[in-house]
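S.K.: One structure, as structure tokens, below. Some questions next.
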Amino acid sequence: MSGSTYYVTTPIYYVNDVPHIGHAYTSLACDVLARFMRLDGRDVHFLTGTDEHGQKIEKAAAAAGMAPQAFTDKVSQSFRDLLGVMDYSPDSFIRTTEKRHYAACQALWEKLVAAGDIYLGAYAGWYSVRDETYFVEGETEVGQDGKRRATSTGAEVEWVEEPSYFFRLSAWADRLLEFYEKNARFIGPESRRNEILSFVRGGLQDLSVSRTSFSWGVPVPGDPKHIMYVWLDALTNYITECGYPDTKNPLWKYWPADLHMVGKDIIRFHCVFWPAFLMAAGVAPPKRVFAHGWWTNEGQKISKSLGNVINPVDLVKTYGVDAVRYFLLREVPFGNDGDFQRKALVGRMNGDLANAYGNLCQRVLSIVAKNCGEKVPPKGALTGADAALLDRAKGLLTVVRTELDDQAFHKALTAIWEVIADANRYVDAQAPWALAKTDPGRRDTVLWVLAETIRRVTLPVQPFMPDAAAKILDQLAVAPADRAFTGFDKELVSGTPLPKPQGVFPRYVEPKVAE
């Protein structure tokens, strides 16, 4: 697969509020995949950005006393700022208020009209401004306060009657089911695939794809009183980026996307509406959509009203970016819901990072510096124990590659940390500090095996914790060119000078609260 393209996208984030832990989580998963694929020799394009149209934005801007464009400029910037805070590496940041995006949306619309999949009618039904979604009456209920809400999201709905263009989604059920059957990996994880199959088998209604009651959005070609439904607009960003409708654009080589990463709340838009729009327009659907779960905070649902929204910027300030990145992808099986507990984060920092990985690096490299003249130790004949540890380390890249192909980030990290645990047991069993007196040659070989194991462990750690991994590879004098996975089998060369070792993962101590 080396040299082949890899296009990974975050959802474009809605700019009615500032970034929270959910945004950080989705983008982190994409960043790890993008970094891994680059190291693995792939031609990567990693896209993120902001979704800036719709009635909700128009209302939020009015409430802030700002024009919609000025409002979106301000909030979109907060999502750009998060990129640096979390050490993300996108190749591009797209905004739906860009001219190129208007052109792509209108071109797609015209394709759908030409295909006979869009017609003019009138919409009458329940609409949620918060969710930017239509609901049939059976999907809503009236609460004790007399207000009608969507049962699935709790968002208030309002009765809407207006002229509307419709997309003939009802005609696409059989073709979508056939597509899902032929492309078993299109939806992950399996639980979400089953959810979508059930939804489509239940029958599809035609989809209202325009509004006339507000003006903040992409105008419908030839009928500018109508604004495109925000989801038709938003989803199109993935092909806008690749130059659509210009399929000769150099970026078109990245389409179809290898992976759309989304939260589970928007899987229906990505796995039902989006492939139907694309197939109707004669464009290939993406290869895979993966929907991850939601975080709670110390057992509580996260909400602004509870005041327990987790700000990723604050987390990084308190615990450090690499520790936060590691914790978010290690703590919970990716795809499941998870509970964010600070005690668990500190436990991972002090257990997995400081005690297991950090201590392994620090004690091995300190013994090397002290006993081997600050150079990579000489490598002698290997014993069965040496070969066993090295073989496990050598097999690591294949395991991580396989797990990340399924978005099983937690399994990839578990595999890496199992080898770290093996290395720590090997240190204790071989006791190089004792060998210094009895068999210096054997001591040197043990230290070489350990240094080489740390190198092989650290190469696949790079996408998860770029800064920490770089510091460890610096201390092993691994050349920048050898940090890509093509260098995985290039062993450490005995006699290479090494810099003075320094700790990379300090223990976290809770600050004392003044009484």
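Quick note on naming: the chains in the structure tokens go A, B, ... in the order shown, residues restart at 1 in each chain, and ligands are numbered from 1 in order of appearance.
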Quick one: everything within 9 Å of Pro312 in chain A, counting only C-alpha atoms, minus sequence neighbours fewer than 4 positions away in the same chain. Send it as a list in words.

M.R.: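 Once the nearby chain positions are removed, what remains is Pro19, His20, Ile21, His23, Ala24, Leu82, Val85, Met86, Val316, Lys317 and Val324 of chain A.
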
S.K.: Which residues are near Val32 in chain A? Cut-off 10 Å, only C-alpha atoms, ignore same chain within fewer than 2 positions. Put them as a VMD selection string.

M.R.: chain A and resid 27 to 30 34 to 38 88 to 89 325 329 404 407 409 461 to 466

S.K.: Given the selection you just returned, output its residues as a file containing N, CA and C atoms, formatted as a short mmCIF file (atom, residue, chain, number, x, y, z; two decimals), in the first residue's frame.

M.R.:
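As a result, out.cif now contains:
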```
data_model
loop_
_atom_site.label_atom_id
_atom_site.label_comp_id
_atom_site.auth_asym_id
_atom_site.auth_seq_id
_atom_site.Cartn_x
_atom_site.Cartn_y
_atom_site.Cartn_z
N SER A 27 -11.16 14.38 16.03
CA SER A 27 -10.00 14.87 15.27
C SER A 27 -8.73 14.13 15.66
N LEU A 28 -8.61 13.77 16.92
CA LEU A 28 -7.43 13.02 17.38
C LEU A 28 -7.34 11.68 16.67
N ALA A 29 -8.46 10.98 16.58
CA ALA A 29 -8.45 9.68 15.90
C ALA A 29 -7.99 9.84 14.45
N CYS A 30 -8.49 10.88 13.78
CA CYS A 30 -8.08 11.12 12.39
C CYS A 30 -6.61 11.49 12.30
N ALA A 34 -3.77 9.66 10.16
CA ALA A 34 -3.02 10.42 9.14
C ALA A 34 -1.52 10.29 9.38
N ARG A 35 -1.10 10.47 10.64
CA ARG A 35 0.33 10.37 10.96
C ARG A 35 0.86 8.96 10.71
N PHE A 36 0.07 7.95 11.10
CA PHE A 36 0.50 6.57 10.89
C PHE A 36 0.67 6.29 9.40
N MET A 37 -0.32 6.68 8.60
CA MET A 37 -0.27 6.39 7.17
C MET A 37 0.89 7.13 6.49
N ARG A 38 1.18 8.35 6.93
CA ARG A 38 2.35 9.06 6.36
C ARG A 38 3.64 8.29 6.67
N TYR A 88 -2.48 18.46 16.17
CA TYR A 88 -3.04 17.80 15.00
C TYR A 88 -2.28 18.24 13.75
N SER A 89 -2.38 17.44 12.69
CA SER A 89 -1.58 17.71 11.49
C SER A 89 -2.42 17.68 10.21
N ARG A 325 -3.70 12.89 24.68
CA ARG A 325 -3.87 12.11 23.44
C ARG A 325 -3.85 10.61 23.75
N LEU A 329 -7.43 7.72 23.62
CA LEU A 329 -7.50 6.58 22.70
C LEU A 329 -7.21 5.24 23.37
N LEU A 404 -5.25 -0.53 13.44
CA LEU A 404 -5.65 0.82 13.00
C LEU A 404 -6.50 0.76 11.74
N GLN A 407 -9.75 0.85 13.01
CA GLN A 407 -9.95 1.94 13.97
C GLN A 407 -9.96 1.42 15.42
N PHE A 409 -8.00 1.68 18.02
CA PHE A 409 -6.85 2.40 18.59
C PHE A 409 -6.43 1.80 19.94
N VAL A 461 4.61 4.41 18.30
CA VAL A 461 4.03 5.33 19.28
C VAL A 461 3.93 6.74 18.68
N GLN A 462 4.76 7.03 17.66
CA GLN A 462 4.83 8.39 17.11
C GLN A 462 3.48 9.00 16.73
N PRO A 463 2.59 8.28 16.05
CA PRO A 463 1.31 8.91 15.69
C PRO A 463 0.46 9.29 16.90
N PHE A 464 0.60 8.54 17.98
CA PHE A 464 -0.21 8.79 19.18
C PHE A 464 0.36 9.92 20.03
N MET A 465 1.67 9.90 20.23
CA MET A 465 2.32 10.91 21.08
C MET A 465 3.55 11.44 20.35
N PRO A 466 3.33 12.32 19.38
CA PRO A 466 4.44 12.76 18.51
C PRO A 466 5.61 13.38 19.26
#
```

S.K.: Run DSSP on the backbone and tell me which residues of range 44-266 of chain A come out as helix (DSSP H, G or I); list them as a count of residues only.

M.R.: 90

S.K.: Which of range 263-488 of chain A end up as strand (DSSP E or B) when DSSP is run on this backbone - answer as a VMD selection string?

M.R.: chain A and resid 263 289 to 292 295 to 297 300 to 301 334 336 338 to 340 375

S.K.: For Tyr119 in chain A, work out the shell of residues within 7 Å, counting only C-alpha atoms and skipping chain neighbours fewer than 2 positions away, then give it as a list in words.

M.R.: Asp117, Gly121, Tyr165, Phe166 and Phe167 of chain A

S.K.: Considering only C-alpha atoms, return as an mmCIF file with all heavy atoms, in the first residue's frame whatever protein or nucleic-acid residues lie within 12 Å of range 141-145 of chain A, sequence-local ones (same chain, fewer than 6 positions apart) excluded.

M.R.:
```cif
data_model
loop_
_atom_site.group_PDB
_atom_site.id
_atom_site.type_symbol
_atom_site.label_atom_id
_atom_site.label_comp_id
_atom_site.auth_asym_id
_atom_site.auth_seq_id
_atom_site.Cartn_x
_atom_site.Cartn_y
_atom_site.Cartn_z
ATOM 1 N N TRP A 126 -42.473 18.456 11.558
ATOM 2 C CA TRP A 126 -41.711 18.887 12.730
ATOM 3 C C TRP A 126 -40.242 19.024 12.382
ATOM 4 O O TRP A 126 -39.656 18.127 11.777
ATOM 5 C CB TRP A 126 -41.897 17.888 13.872
ATOM 6 C CG TRP A 126 -43.325 17.797 14.326
ATOM 7 C CD1 TRP A 126 -44.225 16.801 14.061
ATOM 8 C CD2 TRP A 126 -44.031 18.782 15.104
ATOM 9 N NE1 TRP A 126 -45.441 17.089 14.621
ATOM 10 C CE2 TRP A 126 -45.353 18.304 15.279
ATOM 11 C CE3 TRP A 126 -43.678 20.007 15.672
ATOM 12 C CZ2 TRP A 126 -46.320 18.994 15.989
ATOM 13 C CZ3 TRP A 126 -44.630 20.707 16.380
ATOM 14 C CH2 TRP A 126 -45.939 20.210 16.547
ATOM 15 N N PHE A 135 -38.330 15.542 11.726
ATOM 16 C CA PHE A 135 -38.827 14.365 12.442
ATOM 17 C C PHE A 135 -40.289 14.124 12.087
ATOM 18 O O PHE A 135 -41.073 15.076 11.952
ATOM 19 C CB PHE A 135 -38.727 14.569 13.967
ATOM 20 C CG PHE A 135 -37.313 14.629 14.480
ATOM 21 C CD1 PHE A 135 -36.694 15.852 14.718
ATOM 22 C CD2 PHE A 135 -36.594 13.469 14.724
ATOM 23 C CE1 PHE A 135 -35.390 15.911 15.190
ATOM 24 C CE2 PHE A 135 -35.289 13.519 15.194
ATOM 25 C CZ PHE A 135 -34.684 14.738 15.429
ATOM 26 N N THR A 151 -37.726 12.587 20.508
ATOM 27 C CA THR A 151 -37.468 11.595 21.563
ATOM 28 C C THR A 151 -36.011 11.146 21.551
ATOM 29 O O THR A 151 -35.442 10.830 22.595
ATOM 30 C CB THR A 151 -38.388 10.373 21.399
ATOM 31 O OG1 THR A 151 -38.361 9.955 20.034
ATOM 32 C CG2 THR A 151 -39.824 10.698 21.770
ATOM 33 N N SER A 152 -35.363 11.145 20.378
ATOM 34 C CA SER A 152 -33.985 10.632 20.286
ATOM 35 C C SER A 152 -32.947 11.607 20.826
ATOM 36 O O SER A 152 -31.918 11.197 21.364
ATOM 37 C CB SER A 152 -33.647 10.284 18.836
ATOM 38 O OG SER A 152 -33.812 11.421 18.004
ATOM 39 N N THR A 153 -33.210 12.926 20.705
ATOM 40 C CA THR A 153 -32.179 13.899 21.092
ATOM 41 C C THR A 153 -32.623 14.864 22.183
ATOM 42 O O THR A 153 -31.790 15.576 22.750
ATOM 43 C CB THR A 153 -31.751 14.747 19.868
ATOM 44 O OG1 THR A 153 -32.859 15.567 19.469
ATOM 45 C CG2 THR A 153 -31.316 13.869 18.700
ATOM 46 N N GLY A 154 -33.927 14.919 22.445
ATOM 47 C CA GLY A 154 -34.417 15.862 23.456
ATOM 48 C C GLY A 154 -34.521 17.291 22.959
ATOM 49 O O GLY A 154 -34.861 18.205 23.705
ATOM 50 N N ALA A 155 -34.226 17.513 21.658
ATOM 51 C CA ALA A 155 -34.265 18.875 21.111
ATOM 52 C C ALA A 155 -35.705 19.296 20.834
ATOM 53 O O ALA A 155 -36.515 18.490 20.372
ATOM 54 C CB ALA A 155 -33.460 18.943 19.820
ATOM 55 N N GLU A 156 -36.009 20.558 21.115
ATOM 56 C CA GLU A 156 -37.338 21.076 20.800
ATOM 57 C C GLU A 156 -37.548 21.062 19.291
ATOM 58 O O GLU A 156 -36.616 21.289 18.514
ATOM 59 C CB GLU A 156 -37.477 22.516 21.310
ATOM 60 C CG GLU A 156 -37.771 22.619 22.788
ATOM 61 C CD GLU A 156 -38.083 24.048 23.208
ATOM 62 O OE1 GLU A 156 -38.812 24.742 22.463
ATOM 63 O OE2 GLU A 156 -37.568 24.464 24.264
ATOM 64 N N VAL A 157 -38.785 20.770 18.885
ATOM 65 C CA VAL A 157 -39.130 20.815 17.463
ATOM 66 C C VAL A 157 -40.227 21.862 17.251
ATOM 67 O O VAL A 157 -40.980 22.183 18.166
ATOM 68 C CB VAL A 157 -39.604 19.438 16.942
ATOM 69 C CG1 VAL A 157 -38.474 18.433 16.967
ATOM 70 C CG2 VAL A 157 -40.804 18.911 17.744
ATOM 71 N N GLU A 158 -40.273 22.386 16.044
ATOM 72 C CA GLU A 158 -41.309 23.366 15.712
ATOM 73 C C GLU A 158 -41.993 22.936 14.422
ATOM 74 O O GLU A 158 -41.384 22.275 13.574
ATOM 75 C CB GLU A 158 -40.694 24.760 15.567
ATOM 76 C CG GLU A 158 -39.589 24.851 14.538
ATOM 77 C CD GLU A 158 -38.861 26.197 14.551
ATOM 78 O OE1 GLU A 158 -38.612 26.749 15.636
ATOM 79 O OE2 GLU A 158 -38.527 26.672 13.445
#
```

S.K.: List as a PDB file with N, CA, C and O atoms, in the first residue's frame the protein and nucleic acid residues near Gly358 in chain A, meaning an atom at most 10 Å away when only C-alpha atoms are counted, but skip any in the same chain fewer than 5 places from it.

M.R.:
```
ATOM      1  N   MET A 349      -1.339   8.167  33.278  1.00  0.00           N
ATOM      2  CA  MET A 349      -0.106   8.958  33.199  1.00  0.00           C
ATOM      3  C   MET A 349       0.988   8.350  34.084  1.00  0.00           C
ATOM      4  O   MET A 349       2.136   8.197  33.659  1.00  0.00           O
ATOM      5  N   ASN A 350       0.611   8.006  35.298  1.00  0.00           N
ATOM      6  CA  ASN A 350       1.616   7.508  36.241  1.00  0.00           C
ATOM      7  C   ASN A 350       1.915   6.028  36.066  1.00  0.00           C
ATOM      8  O   ASN A 350       3.045   5.601  36.289  1.00  0.00           O
ATOM      9  N   GLY A 351       0.911   5.259  35.636  1.00  0.00           N
ATOM     10  CA  GLY A 351       1.120   3.823  35.458  1.00  0.00           C
ATOM     11  C   GLY A 351       1.711   3.494  34.095  1.00  0.00           C
ATOM     12  O   GLY A 351       2.867   3.065  33.987  1.00  0.00           O
ATOM     13  N   ASP A 352       0.946   3.744  33.046  1.00  0.00           N
ATOM     14  CA  ASP A 352       1.372   3.361  31.690  1.00  0.00           C
ATOM     15  C   ASP A 352       2.556   4.196  31.200  1.00  0.00           C
ATOM     16  O   ASP A 352       3.499   3.656  30.606  1.00  0.00           O
ATOM     17  N   LEU A 353       2.472   5.521  31.430  1.00  0.00           N
ATOM     18  CA  LEU A 353       3.485   6.400  30.842  1.00  0.00           C
ATOM     19  C   LEU A 353       4.728   6.529  31.713  1.00  0.00           C
ATOM     20  O   LEU A 353       5.838   6.216  31.279  1.00  0.00           O
ATOM     21  N   ARG A 363      15.732   4.072  32.766  1.00  0.00           N
ATOM     22  CA  ARG A 363      16.740   3.224  33.430  1.00  0.00           C
ATOM     23  C   ARG A 363      17.679   2.556  32.431  1.00  0.00           C
ATOM     24  O   ARG A 363      18.872   2.445  32.671  1.00  0.00           O
ATOM     25  N   ILE A 420       6.153  -3.355  25.955  1.00  0.00           N
ATOM     26  CA  ILE A 420       6.825  -2.561  26.994  1.00  0.00           C
ATOM     27  C   ILE A 420       6.881  -3.350  28.309  1.00  0.00           C
ATOM     28  O   ILE A 420       7.921  -3.389  28.983  1.00  0.00           O
ATOM     29  N   ALA A 468       6.543  13.219  22.591  1.00  0.00           N
ATOM     30  CA  ALA A 468       7.250  12.296  23.490  1.00  0.00           C
ATOM     31  C   ALA A 468       8.062  11.279  22.690  1.00  0.00           C
ATOM     32  O   ALA A 468       9.220  10.991  23.024  1.00  0.00           O
ATOM     33  N   ILE A 472      12.242  10.498  22.691  1.00  0.00           N
ATOM     34  CA  ILE A 472      12.849   9.183  22.944  1.00  0.00           C
ATOM     35  C   ILE A 472      13.733   8.770  21.771  1.00  0.00           C
ATOM     36  O   ILE A 472      14.863   8.289  21.955  1.00  0.00           O
ATOM     37  N   GLN A 502      17.314  11.835  29.270  1.00  0.00           N
ATOM     38  CA  GLN A 502      16.442  12.697  30.085  1.00  0.00           C
ATOM     39  C   GLN A 502      15.065  12.060  30.185  1.00  0.00           C
ATOM     40  O   GLN A 502      14.596  11.442  29.231  1.00  0.00           O
ATOM     41  N   GLY A 503      14.411  12.215  31.330  1.00  0.00           N
ATOM     42  CA  GLY A 503      13.068  11.678  31.520  1.00  0.00           C
ATOM     43  C   GLY A 503      12.069  12.336  30.583  1.00  0.00           C
ATOM     44  O   GLY A 503      12.147  13.538  30.331  1.00  0.00           O
ATOM     45  N   VAL A 504      11.140  11.550  30.062  1.00  0.00           N
ATOM     46  CA  VAL A 504      10.161  12.062  29.101  1.00  0.00           C
ATOM     47  C   VAL A 504       8.755  12.115  29.714  1.00  0.00           C
ATOM     48  O   VAL A 504       7.961  12.977  29.369  1.00  0.00           O
ATOM     49  N   PHE A 505       8.471  11.201  30.622  1.00  0.00           N
ATOM     50  CA  PHE A 505       7.129  11.133  31.218  1.00  0.00           C
ATOM     51  C   PHE A 505       7.206  11.339  32.727  1.00  0.00           C
ATOM     52  O   PHE A 505       7.326  10.380  33.494  1.00  0.00           O
ATOM     53  N   PRO A 506       7.135  12.591  33.173  1.00  0.00           N
ATOM     54  CA  PRO A 506       7.160  12.827  34.625  1.00  0.00           C
ATOM     55  C   PRO A 506       5.886  12.303  35.278  1.00  0.00           C
ATOM     56  O   PRO A 506       4.826  12.266  34.652  1.00  0.00           O
ATOM     57  N   ARG A 507       5.993  11.900  36.519  1.00  0.00           N
ATOM     58  CA  ARG A 507       4.798  11.503  37.275  1.00  0.00           C
ATOM     59  C   ARG A 507       3.939  12.742  37.524  1.00  0.00           C
ATOM     60  O   ARG A 507       4.458  13.844  37.689  1.00  0.00           O
TER      61      ARG A 507
END
```

S.K.: Which is closer to Tyr7 in chain A than all the others in A:Leu498, A:Ala369, A:Ala323, A:Met261, using only C-alpha atoms?

M.R.: A:Met261

S.K.: Residues near Ile118 in chain A, anyone? I mean within 9 Å using only C-alpha atoms, not counting same-chain ones fewer than 2 positions away, as a list in words.

M.R.: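 Counting only C-alpha atoms, the residues come to Trp109, Leu112, Val113, Ala114, Ala115, Gly116, Leu120, Tyr165, Phe166, Phe167, Arg168 and Val209 of chain A.
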
S.K.: Can you tell me, as a ChimeraX atom specification, what residues are no more than 9 Å from His270 in chain A when counting only C-alpha atoms, ignoring any on the same chain fewer than 4 positions away?

M.R.: /A:235,260,262,266,274-275,289

S.K.: Record the distance separating CA of Ala356 in chain A and CA of Asn311 in chain A, expressed in Å with one decimal.

M.R.: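 According to the coordinates, CA of Ala356 in chain A and CA of Asn311 in chain A are separated by 28.1 Å.
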
S.K.: When you count only C-alpha atoms, which of these residues is closest to Leu278 in chain A: A:Leu176, A:Ala63, A:Ala423, A:Leu197?

M.R.: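 So, comparing all the options, the nearest one is A:Leu176.
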
S.K.: Measuring atom to atom with only C-alpha atoms, identify which of A:Gln106, A:Thr318, A:Thr72, A:Asn424 is nearest to Arg342 in chain A.

M.R.: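 Residue with the minimum atom-to-atom distance to Arg342 in chain A: A:Thr318.
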
S.K.: Which residue out of A:Tyr326, A:Tyr134, A:Phe340, A:Phe485 has the minimum interatomic distance to Thr414 in chain A when only C-alpha atoms are used?

M.R.: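 Result for the nearest residue to Thr414 in chain A: A:Tyr326.
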
S.K.: Distance CA of Pro90 in chain A-CA of Gly41 in chain A, one decimal place?

M.R.: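 Distance reported for this atom pair: 16.6 Å.
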